[in-house]
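Asker: Below you'll find coords24.txt; it's compact mmCIF, C-alpha atoms.
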```
# COMPACT_ATOMS: atom_id res chain seq x y z
CA MET A 17 -33.01 -28.85 26.42
CA LYS A 18 -30.18 -31.38 26.34
CA VAL A 19 -27.44 -30.86 23.75
CA PHE A 20 -24.61 -33.11 22.61
CA SER A 21 -22.32 -33.27 19.59
CA VAL A 22 -21.28 -36.17 17.37
CA ILE A 23 -17.86 -35.50 15.82
CA GLY A 24 -15.50 -37.48 13.61
CA ILE A 25 -13.66 -37.52 10.31
CA SER A 26 -15.46 -38.07 7.00
CA ASP A 27 -17.00 -41.51 6.44
CA SER A 28 -16.48 -42.47 10.08
CA GLY A 29 -20.18 -43.11 10.63
CA LYS A 30 -21.28 -39.71 12.01
CA THR A 31 -24.47 -39.27 10.03
CA THR A 32 -25.50 -42.92 10.31
CA THR A 33 -24.95 -42.82 14.07
CA ILE A 34 -27.01 -39.63 14.36
CA GLU A 35 -29.78 -41.11 12.23
CA LYS A 36 -30.01 -44.13 14.54
CA ILE A 37 -29.94 -41.92 17.65
CA ILE A 38 -32.71 -39.66 16.31
CA LYS A 39 -35.00 -42.60 15.57
CA GLU A 40 -34.41 -44.16 19.00
CA LEU A 41 -34.97 -40.86 20.84
CA ILE A 42 -38.23 -40.31 18.95
CA LYS A 43 -39.22 -43.89 19.75
CA ARG A 44 -38.82 -42.88 23.42
CA ASN A 45 -41.19 -39.94 22.86
CA TYR A 46 -38.54 -37.18 22.86
CA THR A 47 -38.52 -34.28 20.41
CA VAL A 48 -35.25 -33.88 18.51
CA GLY A 49 -33.52 -31.04 16.68
CA THR A 50 -30.21 -31.11 14.80
CA VAL A 51 -27.45 -28.72 13.73
CA LYS A 52 -25.06 -29.69 10.91
CA GLU A 53 -21.58 -28.12 10.70
CA ILE A 54 -20.21 -27.76 7.15
CA ARG A 55 -16.57 -26.80 7.00
CA SER A 56 -16.36 -25.90 3.30
CA HIS A 57 -15.71 -22.16 2.91
CA ASP A 58 -17.65 -22.24 -0.37
CA PHE A 59 -20.86 -23.64 1.14
CA LYS A 60 -24.04 -21.64 0.55
CA MET A 61 -27.68 -22.73 0.73
CA ASP A 62 -28.60 -20.18 -1.92
CA VAL A 63 -27.27 -20.00 -5.48
CA GLU A 64 -26.76 -17.17 -7.92
CA GLY A 65 -29.74 -16.42 -10.10
CA THR A 66 -32.50 -17.03 -7.56
CA ASN A 67 -34.76 -14.27 -6.29
CA THR A 68 -33.50 -14.78 -2.75
CA PHE A 69 -29.90 -14.45 -3.96
CA THR A 70 -30.94 -11.10 -5.47
CA HIS A 71 -32.37 -10.06 -2.09
CA LYS A 72 -29.06 -10.94 -0.42
CA GLN A 73 -26.98 -9.11 -3.02
CA ALA A 74 -29.15 -6.04 -2.56
CA GLY A 75 -28.23 -5.96 1.13
CA SER A 76 -30.86 -7.97 3.03
CA SER A 77 -29.15 -9.37 6.15
CA LEU A 78 -31.90 -11.92 6.83
CA VAL A 79 -33.60 -13.78 3.98
CA THR A 80 -36.51 -16.16 4.50
CA VAL A 81 -37.93 -18.60 1.96
CA ARG A 82 -41.43 -19.89 2.67
CA GLY A 83 -42.79 -22.80 0.67
CA SER A 84 -45.77 -25.13 1.02
CA ASN A 85 -43.86 -27.65 3.13
CA GLU A 86 -40.77 -25.85 4.37
CA THR A 87 -39.53 -22.49 5.63
CA ASP A 88 -35.81 -21.68 5.40
CA ILE A 89 -34.27 -18.71 7.23
CA MET A 90 -30.83 -17.64 5.99
CA HIS A 91 -28.62 -15.39 8.12
CA GLN A 92 -25.77 -13.73 6.23
CA GLU A 93 -23.20 -14.53 8.92
CA ARG A 94 -21.61 -17.37 10.84
CA MET A 95 -23.60 -17.62 14.07
CA SER A 96 -22.29 -18.91 17.38
CA VAL A 97 -23.63 -22.19 18.77
CA ASN A 98 -25.19 -20.21 21.64
CA ASP A 99 -27.14 -18.02 19.21
CA ILE A 100 -28.19 -20.94 17.00
CA LEU A 101 -29.55 -22.89 19.95
CA LYS A 102 -31.78 -19.98 20.97
CA CYS A 103 -33.93 -21.03 17.99
CA TYR A 104 -34.46 -24.52 19.45
CA SER A 105 -36.78 -25.84 22.14
CA GLN A 106 -36.65 -29.60 21.54
CA ASP A 107 -35.89 -32.13 24.30
CA PHE A 108 -32.60 -33.06 22.59
CA VAL A 109 -30.50 -31.16 20.04
CA ILE A 110 -27.77 -33.12 18.25
CA LEU A 111 -24.85 -31.19 16.78
CA GLU A 112 -23.12 -32.93 13.88
CA GLY A 113 -19.44 -32.06 13.46
CA VAL A 114 -19.58 -29.13 15.91
CA ARG A 115 -16.39 -29.01 17.99
CA ASP A 116 -16.37 -25.43 19.35
CA THR A 117 -18.77 -26.20 22.18
CA SER A 118 -18.60 -27.39 25.78
CA ALA A 119 -21.50 -29.79 25.14
CA PRO A 120 -20.83 -33.52 25.73
CA LYS A 121 -19.50 -35.35 22.67
CA ILE A 122 -19.54 -38.73 20.96
CA VAL A 123 -16.56 -39.43 18.68
CA THR A 124 -16.94 -41.58 15.58
CA ALA A 125 -13.86 -42.95 13.82
CA HIS A 126 -12.30 -45.60 11.59
CA ASP A 127 -9.40 -46.26 13.93
CA GLN A 128 -7.74 -45.09 17.16
CA GLU A 129 -5.88 -42.33 15.32
CA GLY A 130 -9.25 -40.96 14.20
CA ILE A 131 -10.51 -41.02 17.79
CA GLU A 132 -7.44 -39.21 19.09
CA SER A 133 -7.72 -36.46 16.48
CA ARG A 134 -11.11 -35.43 17.91
CA PHE A 135 -10.70 -36.49 21.54
CA ASP A 136 -11.09 -33.99 24.40
CA GLU A 137 -12.33 -33.88 27.98
CA THR A 138 -15.99 -33.58 26.96
CA VAL A 139 -16.12 -36.92 25.09
CA PHE A 140 -18.28 -39.52 26.85
CA ALA A 141 -18.56 -42.29 24.23
CA ILE A 142 -17.08 -43.72 21.04
CA SER A 143 -19.19 -44.91 18.12
CA GLY A 144 -19.06 -45.17 14.34
CA ARG A 145 -17.13 -47.79 12.39
CA ILE A 146 -14.47 -48.47 15.01
CA ALA A 147 -17.15 -49.45 17.54
CA ALA A 148 -17.51 -52.72 15.64
CA GLU A 149 -13.90 -53.55 16.59
CA ILE A 150 -13.36 -52.23 20.13
CA GLN A 151 -15.45 -52.11 23.30
CA GLU A 152 -13.80 -49.13 25.00
CA TYR A 153 -11.19 -46.42 24.60
CA LYS A 154 -9.43 -44.78 27.54
CA GLY A 155 -12.11 -46.13 29.82
CA LEU A 156 -15.00 -44.76 27.71
CA PRO A 157 -17.52 -47.18 26.17
CA ALA A 158 -17.42 -47.87 22.43
CA ILE A 159 -20.98 -48.62 21.30
CA ASN A 160 -22.00 -49.65 17.80
CA ALA A 161 -25.09 -47.67 16.82
CA MET A 162 -25.95 -50.21 14.13
CA THR A 163 -26.26 -53.14 16.53
CA ASP A 164 -26.74 -51.63 20.00
CA ILE A 165 -28.56 -48.33 19.60
CA GLU A 166 -30.63 -48.85 22.76
CA LYS A 167 -27.46 -49.02 24.87
CA LEU A 168 -26.05 -45.88 23.21
CA VAL A 169 -29.23 -43.88 23.80
CA ASP A 170 -29.41 -45.16 27.38
CA LEU A 171 -25.96 -43.62 27.88
CA ILE A 172 -27.05 -40.38 26.18
CA GLU A 173 -30.00 -40.12 28.57
CA GLU A 174 -27.67 -40.74 31.51
CA LYS A 175 -24.79 -38.44 30.57
CA THR A 176 -26.25 -35.43 28.77
CA PHE A 177 -27.64 -32.42 30.61
CA ASP A 178 -29.38 -29.10 30.00
CA TYR A 179 -27.36 -26.97 27.62
CA LEU A 180 -24.36 -25.25 29.16
CA PRO A 181 -23.89 -21.91 27.33
CA ASP A 182 -20.27 -21.20 26.47
CA LEU A 183 -19.86 -18.07 28.59
CA ASN A 184 -16.50 -18.97 30.21
CA CYS A 185 -17.22 -16.47 32.98
CA LYS A 186 -15.27 -18.57 35.57
CA LYS A 187 -17.80 -17.67 38.26
CA CYS A 188 -18.09 -21.37 39.09
CA GLY A 189 -14.42 -21.43 40.09
CA LEU A 190 -13.37 -23.46 37.06
CA SER A 191 -11.25 -22.28 34.14
CA SER A 192 -13.82 -22.86 31.39
CA CYS A 193 -17.24 -24.24 30.51
CA LYS A 194 -15.47 -27.27 29.02
CA GLU A 195 -13.99 -28.00 32.42
CA MET A 196 -17.46 -27.69 33.97
CA SER A 197 -18.82 -30.11 31.34
CA PHE A 198 -16.02 -32.57 32.13
CA ASN A 199 -16.82 -32.37 35.84
CA ILE A 200 -20.55 -32.89 35.28
CA LEU A 201 -19.85 -35.89 33.04
CA ASN A 202 -17.67 -37.38 35.79
CA ASN A 203 -20.17 -36.63 38.58
CA ASN A 204 -17.86 -34.12 40.30
CA LYS A 205 -20.28 -31.25 39.63
CA ASN A 206 -23.92 -30.98 38.65
CA ARG A 207 -25.64 -28.70 36.16
CA ASN A 208 -26.96 -26.47 38.96
CA ASP A 209 -23.38 -25.49 39.85
CA CYS A 210 -23.32 -23.29 36.72
CA ILE A 211 -24.41 -19.71 37.41
CA THR A 212 -26.87 -19.86 34.50
CA SER A 213 -28.94 -22.26 36.62
CA ASN A 214 -29.27 -19.64 39.33
CA GLN A 215 -30.32 -16.62 37.29
CA LYS A 216 -32.90 -14.53 39.13
CA LEU A 217 -33.47 -12.36 36.09
CA VAL A 218 -35.03 -13.80 32.94
CA VAL A 219 -34.89 -11.82 29.69
CA LYS A 220 -36.67 -13.22 26.66
CA ILE A 221 -36.77 -11.99 23.09
CA ASN A 222 -39.50 -13.52 20.94
CA GLY A 223 -40.00 -16.16 23.62
CA LYS A 224 -36.34 -17.24 23.68
CA GLU A 225 -34.53 -16.84 26.99
CA LEU A 226 -31.15 -15.09 26.87
CA SER A 227 -28.20 -16.35 28.91
CA MET A 228 -26.16 -13.76 30.76
CA ILE A 229 -23.18 -13.61 33.08
CA PRO A 230 -23.74 -12.30 36.65
CA PHE A 231 -22.28 -8.85 35.84
CA VAL A 232 -24.83 -8.20 33.10
CA GLU A 233 -27.64 -9.75 35.16
CA ASN A 234 -26.85 -7.41 38.06
CA ILE A 235 -26.94 -4.33 35.81
CA PHE A 236 -30.39 -5.29 34.51
CA LYS A 237 -31.71 -6.30 37.93
CA ASN A 238 -30.44 -3.26 39.83
CA THR A 239 -31.66 -0.82 37.17
CA ILE A 240 -35.14 -2.35 37.00
CA GLU A 241 -35.48 -2.48 40.80
CA ALA A 242 -34.32 1.12 41.19
CA VAL A 243 -37.00 2.34 38.77
CA ALA A 244 -39.71 0.05 40.16
CA LYS A 245 -39.17 1.33 43.72
CA GLU A 246 -40.34 4.78 42.62
CA LEU A 247 -43.66 3.46 41.31
CA LYS A 248 -46.87 3.49 43.34
CA GLY A 249 -47.78 0.01 44.50
CA TYR A 250 -44.20 -1.28 44.58
CA SER A 251 -43.58 -4.15 46.98
CA GLN A 252 -40.35 -5.88 47.92
CA ASN A 253 -42.18 -9.20 47.86
CA GLY A 254 -43.08 -10.95 44.64
CA ASP A 255 -41.70 -10.94 41.10
CA ILE A 256 -41.36 -7.95 38.79
CA GLU A 257 -42.54 -8.58 35.23
CA ILE A 258 -41.89 -6.18 32.34
CA TYR A 259 -43.12 -6.78 28.81
CA ILE A 260 -42.00 -4.57 25.93
CA LYS A 261 -44.04 -4.95 22.76
CA ARG A 262 -42.25 -3.96 19.56
```
Rewrite the coordinates I just gave you, this time as structure tokens.
Answerer:
Amino acid sequence: MKVFSVIGISDSGKTTTIEKIIKELIKRNYTVGTVKEIRSHDFKMDVEGTNTFTHKQAGSSLVTVRGSNETDIMHQERMSVNDILKCYSQDFVILEGVRDTSAPKIVTAHDQEGIESRFDETVFAISGRIAAEIQEYKGLPAINAMTDIEKLVDLIEEKTFDYLPDLNCKKCGLSSCKEMSFNILNNNKNRNDCITSNQKLVVKINGKELSMIPFVENIFKNTIEAVAKELKGYSQNGDIEIYIKR
């Protein structure tokens, strides 16, 4: 699952750019998911007076609304990007306005000041309104999604990579996952250099694989192997599979 974020100030062309990207990715037979960041502290999907609001007020920590054409699941907390993305399995997931992630980013802006306000080492392209006026910024391509969406999506296919969970474990020798993302974008590292690519232990909950740092992986692995060795039929060769039904 490849993940990237489109960030920029209001009315800079974020949503329009994402809309064009979604349509082009689907045209290329990819599946697409999206996550929208809303920065208003007053934002709520639910409103006072509804039955689901009553459920929430009574103490339900997870409220689900199921209709004929839509199912909405409402967590009563701000979830991390890592946790949110465990609910996705699409080929591409586009984050709109999400900045607290090491995922590659496209910046949309009105002007160069708008670019600079969102610019960091994980940015790989510029788009939005300013892309109609400039062709590059600090060596990065500026691509107008309205007139050249094929070129923009070509770049997305080239630059994005399987999601890099923000663990910041430093086991790769770098200071942060953002630094790893920067190095992958610049062809100094590849995605397999992240320890999450080399996990020998896979833990899934409801079909969703959990990411874990080596320390936690070793605790699980060593504990399971120690117990398994005492069982009749144990062999050092082959995989160990454990399924817990709840």
Asker: Could you check the closest approach to Met162 of chain A for each of A:Asp58, A:Thr176, A:Asp107, A:Ala147 and tell me which residue wins, using only C-alpha atoms?
Answerer: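 The answer is A:Ala147, which sits nearest to Met162 of chain A.
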Asker: Please build the interface table for segment 159-199 of chain A against segment 130-137 of chain A with a cut-off of 12 Å, listing for each qualifying residue the nearest atom pair and the distance in Å to one decimal; count only C-alpha atoms, order rows by chain and increasing number, and write it as a Markdown table.
Answerer:
```
| residue | atom | partner | partner_atom | distance |
| --- | --- | --- | --- | --- |
| A:Ser192 | CA | A:Glu137 | CA | 11.6 |
| A:Cys193 | CA | A:Glu137 | CA | 11.1 |
| A:Lys194 | CA | A:Glu137 | CA | 7.4 |
| A:Glu195 | CA | A:Glu137 | CA | 7.6 |
| A:Met196 | CA | A:Glu137 | CA | 10.0 |
| A:Ser197 | CA | A:Glu137 | CA | 8.2 |
| A:Phe198 | CA | A:Glu137 | CA | 5.7 |
| A:Asn199 | CA | A:Glu137 | CA | 9.2 |
```
Asker: Any idea what's packed within 12 Å of His91 of chain A, counting only C-alpha atoms, ignoring anything in its chain fewer than 2 positions away? Could you give it as a ChimeraX atom specification?
Answerer: /A:60-62,68,72,75-81,88-89,93-96,99-100
Asker: Build an axis-aligned box that encloses every atom of segment 203-211 of chain A listed in the file, pad it by 3 Å on each side, and report its centre and edge lengths in Å to one decimal, as AutoDock Vina command-line options.
Answerer:
```
--center_x -22.4 --center_y -28.2 --center_z 38.2 --size_x 15.1 --size_y 22.9 --size_z 10.1
```
Asker: From the set A:Ile54, A:Ile38, A:Ile235, A:Cys210, which residue has the shortest atom-to-atom contact distance to Val114 of chain A, counting all atoms listed in the file?
Answerer: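 Under the stated criterion, the closest residue is A:Ile54.
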Asker: Please indicate the distance in Å from atom CA of Lys121 of chain A to atom CA of Thr32 of chain A, rounded to one decimal place.
Answerer: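 One can read the atom CA of Lys121 of chain A to atom CA of Thr32 of chain A distance as 15.7 Å.
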Asker: Find the distance between atom CA of Arg207 of chain A and atom CA of Lys175 of chain A and write it in Å to one decimal.
Answerer: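 Interatomic distance, atom CA of Arg207 of chain A to atom CA of Lys175 of chain A: 11.3 Å.
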Asker: From the set A:Gln106, A:Thr124, A:Leu101, A:Thr239, which residue has the shortest atom-to-atom contact distance to Asn45 of chain A, counting all atoms listed in the file?
Answerer: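 Using all atoms listed in the file, Asn45 of chain A sits closest to A:Gln106.
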Asker: Ranking A:Asp182, A:Glu166, A:Glu112, A:Glu257 by minimum distance to Lys220 of chain A and counting only C-alpha atoms, which one comes first?
Answerer: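 Of the candidates, the smallest distance to Lys220 of chain A is held by A:Glu257.
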Asker: Between atom CA of Ile34 of chain A and atom CA of Met90 of chain A, what is the distance in Å, rounded to a tenth?
Answerer: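 Calculated distance between atom CA of Ile34 of chain A and atom CA of Met90 of chain A is 23.8 Å.
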Asker: For Asp178 of chain A, which residue out of A:Phe59, A:Tyr250, A:Phe108, A:Tyr46 is the nearest one, using all atoms listed in the file?
Answerer: A:Phe108
Asker: Reconstruct N, CA and C atoms of segment 88-117 of chain A from the incomplete input and present them as a short mmCIF file (atom, residue, chain, number, x, y, z; two decimals), keeping the file's coordinate frame.
Answerer:
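This is the output file result31.cif:
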```cif
data_model
loop_
_atom_site.label_atom_id
_atom_site.label_comp_id
_atom_site.auth_asym_id
_atom_site.auth_seq_id
_atom_site.Cartn_x
_atom_site.Cartn_y
_atom_site.Cartn_z
N ASP A 88 -37.25 -21.77 5.19
CA ASP A 88 -35.81 -21.68 5.40
C ASP A 88 -35.43 -20.23 5.71
N ILE A 89 -34.72 -20.05 6.82
CA ILE A 89 -34.27 -18.71 7.23
C ILE A 89 -32.76 -18.65 7.10
N MET A 90 -32.26 -17.71 6.30
CA MET A 90 -30.83 -17.64 5.99
C MET A 90 -30.21 -16.36 6.55
N HIS A 91 -29.37 -16.52 7.57
CA HIS A 91 -28.62 -15.39 8.12
C HIS A 91 -27.34 -15.22 7.30
N GLN A 92 -26.96 -13.99 7.03
CA GLN A 92 -25.77 -13.73 6.23
C GLN A 92 -24.54 -13.57 7.12
N GLU A 93 -24.33 -14.55 8.00
CA GLU A 93 -23.20 -14.53 8.92
C GLU A 93 -23.01 -15.91 9.51
N ARG A 94 -21.84 -16.14 10.08
CA ARG A 94 -21.61 -17.37 10.84
C ARG A 94 -22.06 -17.11 12.27
N MET A 95 -23.05 -17.83 12.74
CA MET A 95 -23.60 -17.62 14.07
C MET A 95 -22.91 -18.54 15.08
N SER A 96 -22.85 -18.09 16.32
CA SER A 96 -22.29 -18.91 17.38
C SER A 96 -23.28 -20.03 17.72
N VAL A 97 -22.77 -21.10 18.34
CA VAL A 97 -23.63 -22.19 18.77
C VAL A 97 -24.67 -21.67 19.76
N ASN A 98 -24.25 -20.79 20.67
CA ASN A 98 -25.19 -20.21 21.64
C ASN A 98 -26.36 -19.54 20.94
N ASP A 99 -26.08 -18.73 19.92
CA ASP A 99 -27.14 -18.02 19.21
C ASP A 99 -28.02 -18.97 18.40
N ILE A 100 -27.41 -19.96 17.78
CA ILE A 100 -28.19 -20.94 17.00
C ILE A 100 -29.17 -21.68 17.89
N LEU A 101 -28.71 -22.08 19.07
CA LEU A 101 -29.55 -22.89 19.95
C LEU A 101 -30.70 -22.11 20.57
N LYS A 102 -30.65 -20.78 20.49
CA LYS A 102 -31.78 -19.98 20.97
C LYS A 102 -33.02 -20.19 20.09
N CYS A 103 -32.81 -20.75 18.90
CA CYS A 103 -33.93 -21.03 17.99
C CYS A 103 -34.56 -22.38 18.26
N TYR A 104 -34.00 -23.16 19.19
CA TYR A 104 -34.46 -24.52 19.45
C TYR A 104 -35.16 -24.64 20.79
N SER A 105 -36.10 -25.56 20.88
CA SER A 105 -36.78 -25.84 22.14
C SER A 105 -37.05 -27.34 22.31
N GLN A 106 -36.42 -28.16 21.49
CA GLN A 106 -36.65 -29.60 21.54
C GLN A 106 -36.05 -30.21 22.82
N ASP A 107 -36.44 -31.43 23.13
CA ASP A 107 -35.89 -32.13 24.30
C ASP A 107 -34.40 -32.39 24.12
N PHE A 108 -34.01 -32.82 22.92
CA PHE A 108 -32.60 -33.06 22.59
C PHE A 108 -32.25 -32.33 21.30
N VAL A 109 -31.05 -31.72 21.28
CA VAL A 109 -30.50 -31.16 20.04
C VAL A 109 -29.16 -31.82 19.80
N ILE A 110 -29.01 -32.42 18.61
CA ILE A 110 -27.77 -33.12 18.25
C ILE A 110 -26.98 -32.24 17.29
N LEU A 111 -25.74 -31.95 17.64
CA LEU A 111 -24.85 -31.19 16.78
C LEU A 111 -23.98 -32.16 15.99
N GLU A 112 -23.97 -32.05 14.68
CA GLU A 112 -23.12 -32.93 13.88
C GLU A 112 -21.87 -32.17 13.43
N GLY A 113 -20.71 -32.64 13.88
CA GLY A 113 -19.44 -32.06 13.46
C GLY A 113 -19.08 -30.78 14.18
N VAL A 114 -19.84 -30.37 15.19
CA VAL A 114 -19.58 -29.13 15.91
C VAL A 114 -18.59 -29.41 17.04
N ARG A 115 -17.43 -28.77 16.99
CA ARG A 115 -16.39 -29.01 17.99
C ARG A 115 -16.20 -27.83 18.94
N ASP A 116 -16.59 -26.62 18.52
CA ASP A 116 -16.37 -25.43 19.35
C ASP A 116 -17.52 -25.24 20.33
N THR A 117 -17.70 -26.23 21.19
CA THR A 117 -18.77 -26.20 22.18
C THR A 117 -18.34 -27.00 23.40
#
```
